[in-house]
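Chemist: What follows is final_30.pdb, PDB, C-alpha atoms.
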```pdb
ATOM      1  CA  MET A 172      21.840  54.550 -14.147  1.00  0.00           C
ATOM      2  CA  LYS A 173      24.805  53.778 -16.373  1.00  0.00           C
ATOM      3  CA  ALA A 174      22.801  51.056 -18.112  1.00  0.00           C
ATOM      4  CA  VAL A 175      19.924  53.445 -18.827  1.00  0.00           C
ATOM      5  CA  LEU A 176      22.309  56.009 -20.343  1.00  0.00           C
ATOM      6  CA  LEU A 177      23.948  53.306 -22.433  1.00  0.00           C
ATOM      7  CA  LEU A 178      20.567  52.101 -23.648  1.00  0.00           C
ATOM      8  CA  LEU A 179      19.485  55.648 -24.474  1.00  0.00           C
ATOM      9  CA  ALA A 180      22.706  56.338 -26.388  1.00  0.00           C
ATOM     10  CA  SER A 181      22.264  53.147 -28.421  1.00  0.00           C
ATOM     11  CA  LEU A 182      18.684  54.113 -29.336  1.00  0.00           C
ATOM     12  CA  VAL A 183      19.817  57.568 -30.473  1.00  0.00           C
ATOM     13  CA  GLY A 184      22.532  55.960 -32.571  1.00  0.00           C
ATOM     14  CA  PHE A 185      19.997  53.502 -34.000  1.00  0.00           C
ATOM     15  CA  THR A 186      17.624  56.266 -35.112  1.00  0.00           C
ATOM     16  CA  ALA A 187      20.452  58.254 -36.690  1.00  0.00           C
ATOM     17  CA  ALA A 188      21.803  55.178 -38.507  1.00  0.00           C
ATOM     18  CA  PHE A 189      18.486  54.199 -40.076  1.00  0.00           C
ATOM     19  CA  GLY A 190      17.170  57.693 -40.796  1.00  0.00           C
ATOM     20  CA  VAL A 191      14.278  57.635 -38.380  1.00  0.00           C
ATOM     21  CA  GLY A 192      13.352  61.246 -37.790  1.00  0.00           C
ATOM     22  CA  ALA A 193      15.571  62.491 -40.612  1.00  0.00           C
ATOM     23  CA  SER A 194      13.949  63.354 -43.943  1.00  0.00           C
ATOM     24  CA  THR A 195      15.262  60.915 -46.562  1.00  0.00           C
ATOM     25  CA  PHE A 196      12.438  61.312 -49.101  1.00  0.00           C
ATOM     26  CA  THR A 197      13.859  61.938 -52.581  1.00  0.00           C
ATOM     27  CA  GLY A 198      10.693  61.687 -54.719  1.00  0.00           C
ATOM     28  CA  LYS A 199       8.693  64.476 -56.349  1.00  0.00           C
ATOM     29  CA  SER A 200       6.614  66.797 -54.240  1.00  0.00           C
ATOM     30  CA  MET A 201       2.814  66.919 -54.560  1.00  0.00           C
ATOM     31  CA  SER A 202       2.833  70.281 -56.301  1.00  0.00           C
ATOM     32  CA  THR A 203       5.028  68.813 -59.057  1.00  0.00           C
ATOM     33  CA  LEU A 204       2.691  65.837 -59.464  1.00  0.00           C
ATOM     34  CA  GLU A 205      -0.409  68.050 -59.599  1.00  0.00           C
ATOM     35  CA  SER A 206       1.122  70.252 -62.262  1.00  0.00           C
ATOM     36  CA  THR A 207       1.937  67.123 -64.276  1.00  0.00           C
ATOM     37  CA  TYR A 208      -1.719  66.027 -64.178  1.00  0.00           C
ATOM     38  CA  ILE A 209      -2.957  69.498 -65.022  1.00  0.00           C
ATOM     39  CA  THR A 210      -0.776  69.740 -68.087  1.00  0.00           C
ATOM     40  CA  ARG A 211      -1.715  66.244 -69.244  1.00  0.00           C
ATOM     41  CA  SER A 212      -5.479  66.461 -68.917  1.00  0.00           C
ATOM     42  CA  GLY A 213      -5.829  70.150 -69.723  1.00  0.00           C
ATOM     43  CA  ARG A 214      -8.239  70.605 -66.796  1.00  0.00           C
ATOM     44  CA  GLY A 215      -7.766  71.638 -63.225  1.00  0.00           C
ATOM     45  CA  ASP A 216      -9.073  68.379 -61.772  1.00  0.00           C
ATOM     46  CA  LEU A 217      -7.704  64.865 -61.926  1.00  0.00           C
ATOM     47  CA  SER A 218      -9.520  62.720 -64.440  1.00  0.00           C
ATOM     48  CA  MET A 219      -9.832  59.003 -63.870  1.00  0.00           C
ATOM     49  CA  MET A 220     -10.232  56.420 -66.610  1.00  0.00           C
ATOM     50  CA  ARG A 221     -13.378  54.305 -66.807  1.00  0.00           C
ATOM     51  CA  HIS A 222     -11.835  50.870 -66.651  1.00  0.00           C
ATOM     52  CA  ARG A 223     -14.312  47.950 -66.563  1.00  0.00           C
ATOM     53  CA  LYS A 224     -17.397  50.133 -66.798  1.00  0.00           C
ATOM     54  CA  ARG A 225     -18.800  48.681 -69.973  1.00  0.00           C
ATOM     55  CA  MET A 226     -21.870  47.148 -68.324  1.00  0.00           C
ATOM     56  CA  PRO A 227     -23.548  47.479 -64.944  1.00  0.00           C
ATOM     57  CA  LYS A 228     -22.332  44.724 -62.643  1.00  0.00           C
ATOM     58  CA  LEU A 229     -25.398  45.016 -60.361  1.00  0.00           C
ATOM     59  CA  GLY A 230     -23.307  43.920 -57.385  1.00  0.00           C
ATOM     60  CA  LYS A 231     -23.460  40.263 -58.401  1.00  0.00           C
ATOM     61  CA  PRO A 232     -21.207  37.591 -59.902  1.00  0.00           C
ATOM     62  CA  ALA A 233     -21.677  36.856 -63.597  1.00  0.00           C
ATOM     63  CA  ASP A 234     -23.941  33.802 -63.185  1.00  0.00           C
ATOM     64  CA  GLN A 235     -26.255  35.513 -60.704  1.00  0.00           C
ATOM     65  CA  ARG A 236     -26.339  38.658 -62.849  1.00  0.00           C
ATOM     66  CA  LYS A 237     -27.333  36.646 -65.920  1.00  0.00           C
ATOM     67  CA  ALA A 238     -30.064  34.823 -63.991  1.00  0.00           C
ATOM     68  CA  LEU A 239     -31.401  38.127 -62.644  1.00  0.00           C
ATOM     69  CA  LEU A 240     -31.493  39.700 -66.118  1.00  0.00           C
ATOM     70  CA  ARG A 241     -33.210  36.632 -67.578  1.00  0.00           C
ATOM     71  CA  ALA A 242     -35.828  36.670 -64.813  1.00  0.00           C
ATOM     72  CA  LEU A 243     -36.470  40.392 -65.199  1.00  0.00           C
ATOM     73  CA  THR A 244     -36.737  40.026 -68.978  1.00  0.00           C
ATOM     74  CA  THR A 245     -39.246  37.215 -68.585  1.00  0.00           C
ATOM     75  CA  GLU A 246     -41.365  39.205 -66.141  1.00  0.00           C
ATOM     76  CA  VAL A 247     -41.355  42.388 -68.240  1.00  0.00           C
ATOM     77  CA  ILE A 248     -42.565  40.445 -71.264  1.00  0.00           C
ATOM     78  CA  ARG A 249     -45.142  38.529 -69.197  1.00  0.00           C
ATOM     79  CA  HIS A 250     -46.651  41.473 -67.306  1.00  0.00           C
ATOM     80  CA  GLY A 251     -45.800  44.384 -69.583  1.00  0.00           C
ATOM     81  CA  ARG A 252     -44.660  46.522 -66.636  1.00  0.00           C
ATOM     82  CA  ILE A 253     -42.572  45.842 -63.527  1.00  0.00           C
ATOM     83  CA  LYS A 254     -41.145  47.953 -60.731  1.00  0.00           C
ATOM     84  CA  THR A 255     -37.450  47.526 -59.949  1.00  0.00           C
ATOM     85  CA  THR A 256     -34.384  49.616 -59.206  1.00  0.00           C
ATOM     86  CA  LEU A 257     -33.300  52.165 -61.784  1.00  0.00           C
ATOM     87  CA  VAL A 258     -29.987  50.468 -62.534  1.00  0.00           C
ATOM     88  CA  ARG A 259     -31.658  47.092 -63.051  1.00  0.00           C
ATOM     89  CA  ALA A 260     -34.327  48.642 -65.276  1.00  0.00           C
ATOM     90  CA  LYS A 261     -31.704  50.265 -67.468  1.00  0.00           C
ATOM     91  CA  ALA A 262     -29.738  47.008 -67.635  1.00  0.00           C
ATOM     92  CA  VAL A 263     -32.735  44.824 -68.550  1.00  0.00           C
ATOM     93  CA  ARG A 264     -34.011  47.258 -71.208  1.00  0.00           C
ATOM     94  CA  LYS A 265     -31.370  46.037 -73.674  1.00  0.00           C
ATOM     95  CA  HIS A 266     -32.404  42.400 -73.278  1.00  0.00           C
ATOM     96  CA  VAL A 267     -36.141  43.065 -73.544  1.00  0.00           C
ATOM     97  CA  ASP A 268     -35.597  45.064 -76.739  1.00  0.00           C
ATOM     98  CA  HIS A 269     -33.501  42.223 -78.133  1.00  0.00           C
ATOM     99  CA  MET A 270     -36.211  39.643 -77.387  1.00  0.00           C
ATOM    100  CA  ILE A 271     -38.805  41.792 -79.155  1.00  0.00           C
ATOM    101  CA  GLU A 272     -36.476  42.136 -82.143  1.00  0.00           C
ATOM    102  CA  LEU A 273     -36.207  38.349 -82.213  1.00  0.00           C
ATOM    103  CA  GLY A 274     -39.998  38.102 -82.036  1.00  0.00           C
ATOM    104  CA  LYS A 275     -40.363  40.486 -84.961  1.00  0.00           C
ATOM    105  CA  ARG A 276     -37.874  38.465 -87.000  1.00  0.00           C
ATOM    106  CA  GLY A 277     -39.850  35.307 -86.329  1.00  0.00           C
ATOM    107  CA  ASP A 278     -37.598  32.672 -87.911  1.00  0.00           C
ATOM    108  CA  LEU A 279     -36.590  29.399 -86.267  1.00  0.00           C
ATOM    109  CA  HIS A 280     -33.148  30.585 -85.209  1.00  0.00           C
ATOM    110  CA  ALA A 281     -34.618  33.673 -83.525  1.00  0.00           C
ATOM    111  CA  ARG A 282     -37.179  31.512 -81.731  1.00  0.00           C
ATOM    112  CA  ARG A 283     -34.458  29.204 -80.424  1.00  0.00           C
ATOM    113  CA  GLN A 284     -32.388  32.167 -79.257  1.00  0.00           C
ATOM    114  CA  ALA A 285     -35.392  33.537 -77.370  1.00  0.00           C
ATOM    115  CA  LEU A 286     -36.088  30.122 -75.840  1.00  0.00           C
ATOM    116  CA  GLY A 287     -32.489  30.103 -74.609  1.00  0.00           C
ATOM    117  CA  TRP A 288     -32.976  33.381 -72.740  1.00  0.00           C
ATOM    118  CA  ILE A 289     -36.620  33.542 -71.596  1.00  0.00           C
ATOM    119  CA  TYR A 290     -37.597  31.030 -68.923  1.00  0.00           C
ATOM    120  CA  ASP A 291     -41.187  30.379 -70.062  1.00  0.00           C
ATOM    121  CA  LYS A 292     -41.670  28.477 -73.326  1.00  0.00           C
ATOM    122  CA  ASP A 293     -45.336  29.487 -73.719  1.00  0.00           C
ATOM    123  CA  LEU A 294     -44.389  33.116 -73.199  1.00  0.00           C
ATOM    124  CA  VAL A 295     -41.919  32.880 -76.097  1.00  0.00           C
ATOM    125  CA  HIS A 296     -44.625  31.486 -78.369  1.00  0.00           C
ATOM    126  CA  SER A 297     -47.049  34.258 -77.430  1.00  0.00           C
ATOM    127  CA  LEU A 298     -44.303  36.864 -77.928  1.00  0.00           C
ATOM    128  CA  PHE A 299     -43.596  35.553 -81.431  1.00  0.00           C
ATOM    129  CA  GLU A 300     -47.316  35.691 -82.252  1.00  0.00           C
ATOM    130  CA  ALA A 301     -47.937  39.212 -80.932  1.00  0.00           C
ATOM    131  CA  ALA A 302     -44.679  41.094 -81.594  1.00  0.00           C
ATOM    132  CA  PRO A 303     -44.747  41.340 -85.409  1.00  0.00           C
ATOM    133  CA  GLU A 304     -48.094  43.147 -85.597  1.00  0.00           C
ATOM    134  CA  ARG A 305     -47.724  45.136 -82.352  1.00  0.00           C
ATOM    135  CA  TYR A 306     -44.275  46.546 -83.197  1.00  0.00           C
ATOM    136  CA  ALA A 307     -44.388  46.455 -87.004  1.00  0.00           C
ATOM    137  CA  GLU A 308     -43.936  50.213 -87.509  1.00  0.00           C
ATOM    138  CA  ARG A 309     -41.438  50.656 -84.638  1.00  0.00           C
ATOM    139  CA  ASN A 310     -37.717  50.165 -85.284  1.00  0.00           C
ATOM    140  CA  GLY A 311     -36.510  50.181 -81.705  1.00  0.00           C
ATOM    141  CA  GLY A 312     -37.271  51.645 -78.328  1.00  0.00           C
ATOM    142  CA  TYR A 313     -39.779  49.009 -77.297  1.00  0.00           C
ATOM    143  CA  THR A 314     -39.411  49.760 -73.588  1.00  0.00           C
ATOM    144  CA  ARG A 315     -39.797  52.868 -71.443  1.00  0.00           C
ATOM    145  CA  VAL A 316     -38.082  53.464 -68.082  1.00  0.00           C
ATOM    146  CA  LEU A 317     -39.930  55.849 -65.762  1.00  0.00           C
ATOM    147  CA  ARG A 318     -38.386  56.994 -62.498  1.00  0.00           C
ATOM    148  CA  THR A 319     -40.498  56.673 -59.368  1.00  0.00           C
ATOM    149  CA  MET A 320     -40.073  57.504 -55.688  1.00  0.00           C
ATOM    150  CA  PRO A 321     -37.056  56.063 -53.849  1.00  0.00           C
ATOM    151  CA  ARG A 322     -37.503  52.792 -51.956  1.00  0.00           C
ATOM    152  CA  GLN A 323     -38.550  53.174 -48.324  1.00  0.00           C
ATOM    153  CA  GLY A 324     -35.945  51.011 -46.624  1.00  0.00           C
ATOM    154  CA  ASP A 325     -32.657  51.975 -48.246  1.00  0.00           C
ATOM    155  CA  ASN A 326     -33.585  55.003 -50.381  1.00  0.00           C
ATOM    156  CA  ALA A 327     -32.574  53.218 -53.595  1.00  0.00           C
ATOM    157  CA  LYS A 328     -33.621  54.870 -56.856  1.00  0.00           C
ATOM    158  CA  MET A 329     -36.643  53.010 -58.200  1.00  0.00           C
ATOM    159  CA  ALA A 330     -38.117  52.840 -61.676  1.00  0.00           C
ATOM    160  CA  VAL A 331     -40.910  51.251 -63.656  1.00  0.00           C
ATOM    161  CA  ILE A 332     -39.954  49.549 -66.901  1.00  0.00           C
ATOM    162  CA  GLU A 333     -42.805  48.981 -69.326  1.00  0.00           C
ATOM    163  CA  LEU A 334     -43.426  47.918 -72.876  1.00  0.00           C
ATOM    164  CA  VAL A 335     -44.435  50.742 -75.203  1.00  0.00           C
TER
END
```
Please rewrite the model in this file as structure tokens.
Modeler:
Amino acid sequence: MKAVLLLLASLVGFTAAFGVGASTFTGKSMSTLESTYITRSGRGDLSMMRHRKRMPKLGKPADQRKALLRALTTEVIRHGRIKTTLVRAKAVRKHVDHMIELGKRGDLHARRQALGWIYDKDLVHSLFEAAPERYAERNGGYTRVLRTMPRQGDNAKMAVIELV
């Protein structure tokens, strides 16, 4: 019995010595922090910064993302219209427009740049033959992204990207 009381007394002394149970917090309270954010941003909500949002990452490492964008670009130019997710369609639109701009330019350097991005060599040659007359009066906006119904399995937003 004496040992139990001694053990209990030592535990009580331990908690008092190290501040367990006692409030030792000396920082700012949440209401002070919230008022700091309100005065800084000028709005009632907290605003976050958009770090590293400059391009869609598509949930892939850089090499896989580049390969996916190259493949999608090749297929859009080959077929004229493909169905993919909305985020991928918006990401590939920039590259398809760039390839058509290269095709309109038509010089050797532009052809070599297109060959470095598009997988099919014959497709590049046909693009450089057809693009100047097809898009002569258009100065941009060579693709159109149309939203479609969500995908059945995971309800992902789907879209059709097509050449105008």
Chemist: Check the smallest atom-to-atom distance from each of A:Met220, A:Leu243, A:Ala233, A:Ala307 to Lys261 of chain A using all atoms listed in the file, then report the winner.
Modeler: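 That would be A:Leu243, the residue with the smallest distance to Lys261 of chain A.
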Chemist: Please provide the set of residues having any atom within 7 Å of segment 267-270 of chain A, restricted to only C-alpha atoms, with same-chain residues fewer than 2 positions apart removed, written as JSON, numbers by chain.
Modeler: {"A": [244, 263, 264, 265, 272, 273, 274, 285, 312, 313, 314]}
Chemist: A:His250, A:Arg259, A:Lys292, A:His280: which is nearest Arg318 of chain A, counting only C-alpha atoms?
Modeler: A:Arg259
Chemist: If you apply the PyMOL selection byres ((chain A and resi 227) around 12) to this file, what residues do you get, as a short mmCIF file (atom, residue, chain, number, x, y, z; two decimals) with C-alpha atoms, in the coordinates of the input?
Modeler:
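Final file, result21.cif:
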```cif
data_model
loop_
_atom_site.label_atom_id
_atom_site.label_comp_id
_atom_site.auth_asym_id
_atom_site.auth_seq_id
_atom_site.Cartn_x
_atom_site.Cartn_y
_atom_site.Cartn_z
CA ARG A 223 -14.31 47.95 -66.56
CA LYS A 224 -17.40 50.13 -66.80
CA ARG A 225 -18.80 48.68 -69.97
CA MET A 226 -21.87 47.15 -68.32
CA LYS A 228 -22.33 44.72 -62.64
CA LEU A 229 -25.40 45.02 -60.36
CA GLY A 230 -23.31 43.92 -57.38
CA LYS A 231 -23.46 40.26 -58.40
CA PRO A 232 -21.21 37.59 -59.90
CA ALA A 233 -21.68 36.86 -63.60
CA ARG A 236 -26.34 38.66 -62.85
CA LYS A 237 -27.33 36.65 -65.92
CA LEU A 240 -31.49 39.70 -66.12
CA LEU A 257 -33.30 52.16 -61.78
CA VAL A 258 -29.99 50.47 -62.53
CA ARG A 259 -31.66 47.09 -63.05
CA ALA A 260 -34.33 48.64 -65.28
CA LYS A 261 -31.70 50.26 -67.47
CA ALA A 262 -29.74 47.01 -67.64
CA VAL A 263 -32.74 44.82 -68.55
CA LYS A 265 -31.37 46.04 -73.67
#
```
Chemist: If you count all atoms listed in the file, which residues fall within 9 Å of Ile289 of chain A, apart from same-chain ones fewer than 5 positions away, as a list of chain:residue names?
Modeler: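 Near neighbours after the sequence-gap exclusion: A:Arg241, A:Ala242, A:Thr244, A:Thr245, A:Met270, A:Gln284, A:Leu294, A:Val295.
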Chemist: Please compute the atom CA of Lys328 of chain A-atom CA of Lys254 of chain A distance, one decimal, in Å.
Modeler: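 According to the coordinates, atom CA of Lys328 of chain A and atom CA of Lys254 of chain A are separated by 10.9 Å.
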Chemist: Using atom CA of Leu298 of chain A and atom CA of Thr256 of chain A as the two end points, give the distance in Å to one decimal.
Modeler: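 Atom CA of Leu298 of chain A sits 24.7 Å away from atom CA of Thr256 of chain A.
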Chemist: For the provided coordinates, the residues matched by the PyMOL selection byres ((chain A and resi 303) around 8) should be stated as a PDB file with C-alpha atoms, in the coordinates of the input.
Modeler:
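Okay, result22.pdb is ready:
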```pdb
ATOM      1  CA  GLY A 274     -39.998  38.102 -82.036  1.00  0.00           C
ATOM      2  CA  LYS A 275     -40.363  40.486 -84.961  1.00  0.00           C
ATOM      3  CA  ARG A 276     -37.874  38.465 -87.000  1.00  0.00           C
ATOM      4  CA  GLY A 277     -39.850  35.307 -86.329  1.00  0.00           C
ATOM      5  CA  PHE A 299     -43.596  35.553 -81.431  1.00  0.00           C
ATOM      6  CA  GLU A 300     -47.316  35.691 -82.252  1.00  0.00           C
ATOM      7  CA  ALA A 301     -47.937  39.212 -80.932  1.00  0.00           C
ATOM      8  CA  ALA A 302     -44.679  41.094 -81.594  1.00  0.00           C
ATOM      9  CA  GLU A 304     -48.094  43.147 -85.597  1.00  0.00           C
ATOM     10  CA  ARG A 305     -47.724  45.136 -82.352  1.00  0.00           C
ATOM     11  CA  TYR A 306     -44.275  46.546 -83.197  1.00  0.00           C
ATOM     12  CA  ALA A 307     -44.388  46.455 -87.004  1.00  0.00           C
TER      13      ALA A 307
END
```
Chemist: When you count only C-alpha atoms, which of these residues is closest to Asn310 of chain A: A:Glu246, A:Leu239, A:Glu333, A:Ile271?
Modeler: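 Closest to Asn310 of chain A of all the choices is A:Ile271.
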Chemist: What is the distance, in Å and to one decimal place, between atom CA of Arg249 of chain A and atom CA of Val316 of chain A?
Modeler: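 These two atoms are separated by 16.6 Å.
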Chemist: Counting all atoms listed in the file, find residues at most 8 Å from (-42.2, 49.1, -67.2) (file frame) and give them as a ChimeraX atom specification.
Modeler: /A:247,251-254,314-317,330-334
Chemist: I'd like to know which of A:Leu217, A:Ala238, A:Ala327, A:Met320 is closest to Tyr290 of chain A, using only C-alpha atoms.
Modeler: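 Ranking A:Leu217, A:Ala238, A:Ala327, A:Met320 by distance to Tyr290 of chain A, first place goes to A:Ala238.
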Chemist: When you get a chance, write out all heavy atoms for segment 241-252 of chain A, as a CSV table (one decimal), keeping the file's coordinate frame.
Modeler:
```csv
chain,number,residue,atom,x,y,z
A,241,ARG,N,-32.3,37.5,-66.9
A,241,ARG,CA,-33.2,36.6,-67.6
A,241,ARG,C,-34.6,36.7,-66.9
A,241,ARG,O,-35.6,36.7,-67.6
A,241,ARG,CB,-32.7,35.2,-67.6
A,241,ARG,CG,-31.5,35.0,-68.5
A,241,ARG,CD,-31.0,33.6,-68.5
A,241,ARG,NE,-32.0,32.7,-69.0
A,241,ARG,CZ,-31.9,31.3,-69.0
A,241,ARG,NH1,-30.9,30.8,-68.4
A,241,ARG,NH2,-32.9,30.6,-69.4
A,242,ALA,N,-34.6,36.6,-65.6
A,242,ALA,CA,-35.8,36.7,-64.8
A,242,ALA,C,-36.6,38.0,-65.0
A,242,ALA,O,-37.8,38.0,-65.2
A,242,ALA,CB,-35.6,36.4,-63.3
A,243,LEU,N,-35.8,39.1,-65.0
A,243,LEU,CA,-36.5,40.4,-65.2
A,243,LEU,C,-37.0,40.5,-66.6
A,243,LEU,O,-38.1,41.1,-66.8
A,243,LEU,CB,-35.5,41.5,-64.9
A,243,LEU,CG,-35.1,41.8,-63.4
A,243,LEU,CD1,-34.0,42.8,-63.3
A,243,LEU,CD2,-36.4,42.2,-62.7
A,244,THR,N,-36.3,40.0,-67.6
A,244,THR,CA,-36.7,40.0,-69.0
A,244,THR,C,-38.0,39.2,-69.1
A,244,THR,O,-39.0,39.7,-69.8
A,244,THR,CB,-35.7,39.5,-69.9
A,244,THR,OG1,-34.5,40.2,-69.8
A,244,THR,CG2,-36.1,39.5,-71.4
A,245,THR,N,-38.0,38.1,-68.5
A,245,THR,CA,-39.2,37.2,-68.6
A,245,THR,C,-40.4,37.9,-68.0
A,245,THR,O,-41.5,37.9,-68.5
A,245,THR,CB,-39.0,35.9,-67.9
A,245,THR,OG1,-37.8,35.2,-68.5
A,245,THR,CG2,-40.2,35.0,-68.0
A,246,GLU,N,-40.2,38.6,-66.8
A,246,GLU,CA,-41.4,39.2,-66.1
A,246,GLU,C,-41.8,40.5,-66.9
A,246,GLU,O,-43.0,40.8,-66.9
A,246,GLU,CB,-41.0,39.5,-64.7
A,246,GLU,CG,-40.7,38.3,-63.8
A,246,GLU,CD,-41.9,37.3,-63.9
A,246,GLU,OE1,-43.1,37.8,-63.7
A,246,GLU,OE2,-41.7,36.1,-64.1
A,247,VAL,N,-40.9,41.2,-67.5
A,247,VAL,CA,-41.4,42.4,-68.2
A,247,VAL,C,-42.2,42.0,-69.4
A,247,VAL,O,-43.3,42.5,-69.7
A,247,VAL,CB,-40.1,43.2,-68.7
A,247,VAL,CG1,-40.5,44.3,-69.7
A,247,VAL,CG2,-39.5,43.9,-67.5
A,248,ILE,N,-41.8,40.9,-70.1
A,248,ILE,CA,-42.6,40.4,-71.3
A,248,ILE,C,-43.9,39.8,-70.8
A,248,ILE,O,-44.9,40.0,-71.5
A,248,ILE,CB,-41.7,39.5,-72.1
A,248,ILE,CG1,-40.6,40.2,-72.7
A,248,ILE,CG2,-42.6,38.8,-73.2
A,248,ILE,CD1,-39.5,39.4,-73.4
A,249,ARG,N,-43.9,39.1,-69.7
A,249,ARG,CA,-45.1,38.5,-69.2
A,249,ARG,C,-46.2,39.6,-68.7
A,249,ARG,O,-47.3,39.5,-69.1
A,249,ARG,CB,-44.8,37.6,-68.1
A,249,ARG,CG,-46.1,37.0,-67.4
A,249,ARG,CD,-45.8,36.0,-66.3
A,249,ARG,NE,-45.2,34.8,-66.9
A,249,ARG,CZ,-44.1,34.2,-66.5
A,249,ARG,NH1,-43.5,34.7,-65.4
A,249,ARG,NH2,-43.7,33.1,-67.0
A,250,HIS,N,-45.7,40.5,-67.9
A,250,HIS,CA,-46.7,41.5,-67.3
A,250,HIS,C,-46.7,42.8,-68.0
A,250,HIS,O,-47.7,43.5,-67.8
A,250,HIS,CB,-46.3,41.7,-65.8
A,250,HIS,CG,-46.3,40.5,-65.0
A,250,HIS,ND1,-47.5,39.8,-64.7
A,250,HIS,CD2,-45.3,39.8,-64.4
A,250,HIS,CE1,-47.2,38.8,-63.9
A,250,HIS,NE2,-45.9,38.7,-63.8
A,251,GLY,N,-45.8,43.1,-68.9
A,251,GLY,CA,-45.8,44.4,-69.6
A,251,GLY,C,-45.2,45.6,-68.8
A,251,GLY,O,-44.8,46.5,-69.4
A,252,ARG,N,-45.2,45.4,-67.5
A,252,ARG,CA,-44.7,46.5,-66.6
A,252,ARG,C,-44.2,45.9,-65.3
A,252,ARG,O,-45.0,45.2,-64.7
A,252,ARG,CB,-45.8,47.5,-66.4
A,252,ARG,CG,-45.5,48.6,-65.4
A,252,ARG,CD,-46.7,49.4,-65.0
A,252,ARG,NE,-47.0,50.2,-66.1
A,252,ARG,CZ,-47.6,51.4,-66.0
A,252,ARG,NH1,-47.8,51.9,-64.8
A,252,ARG,NH2,-47.9,52.1,-67.1
```
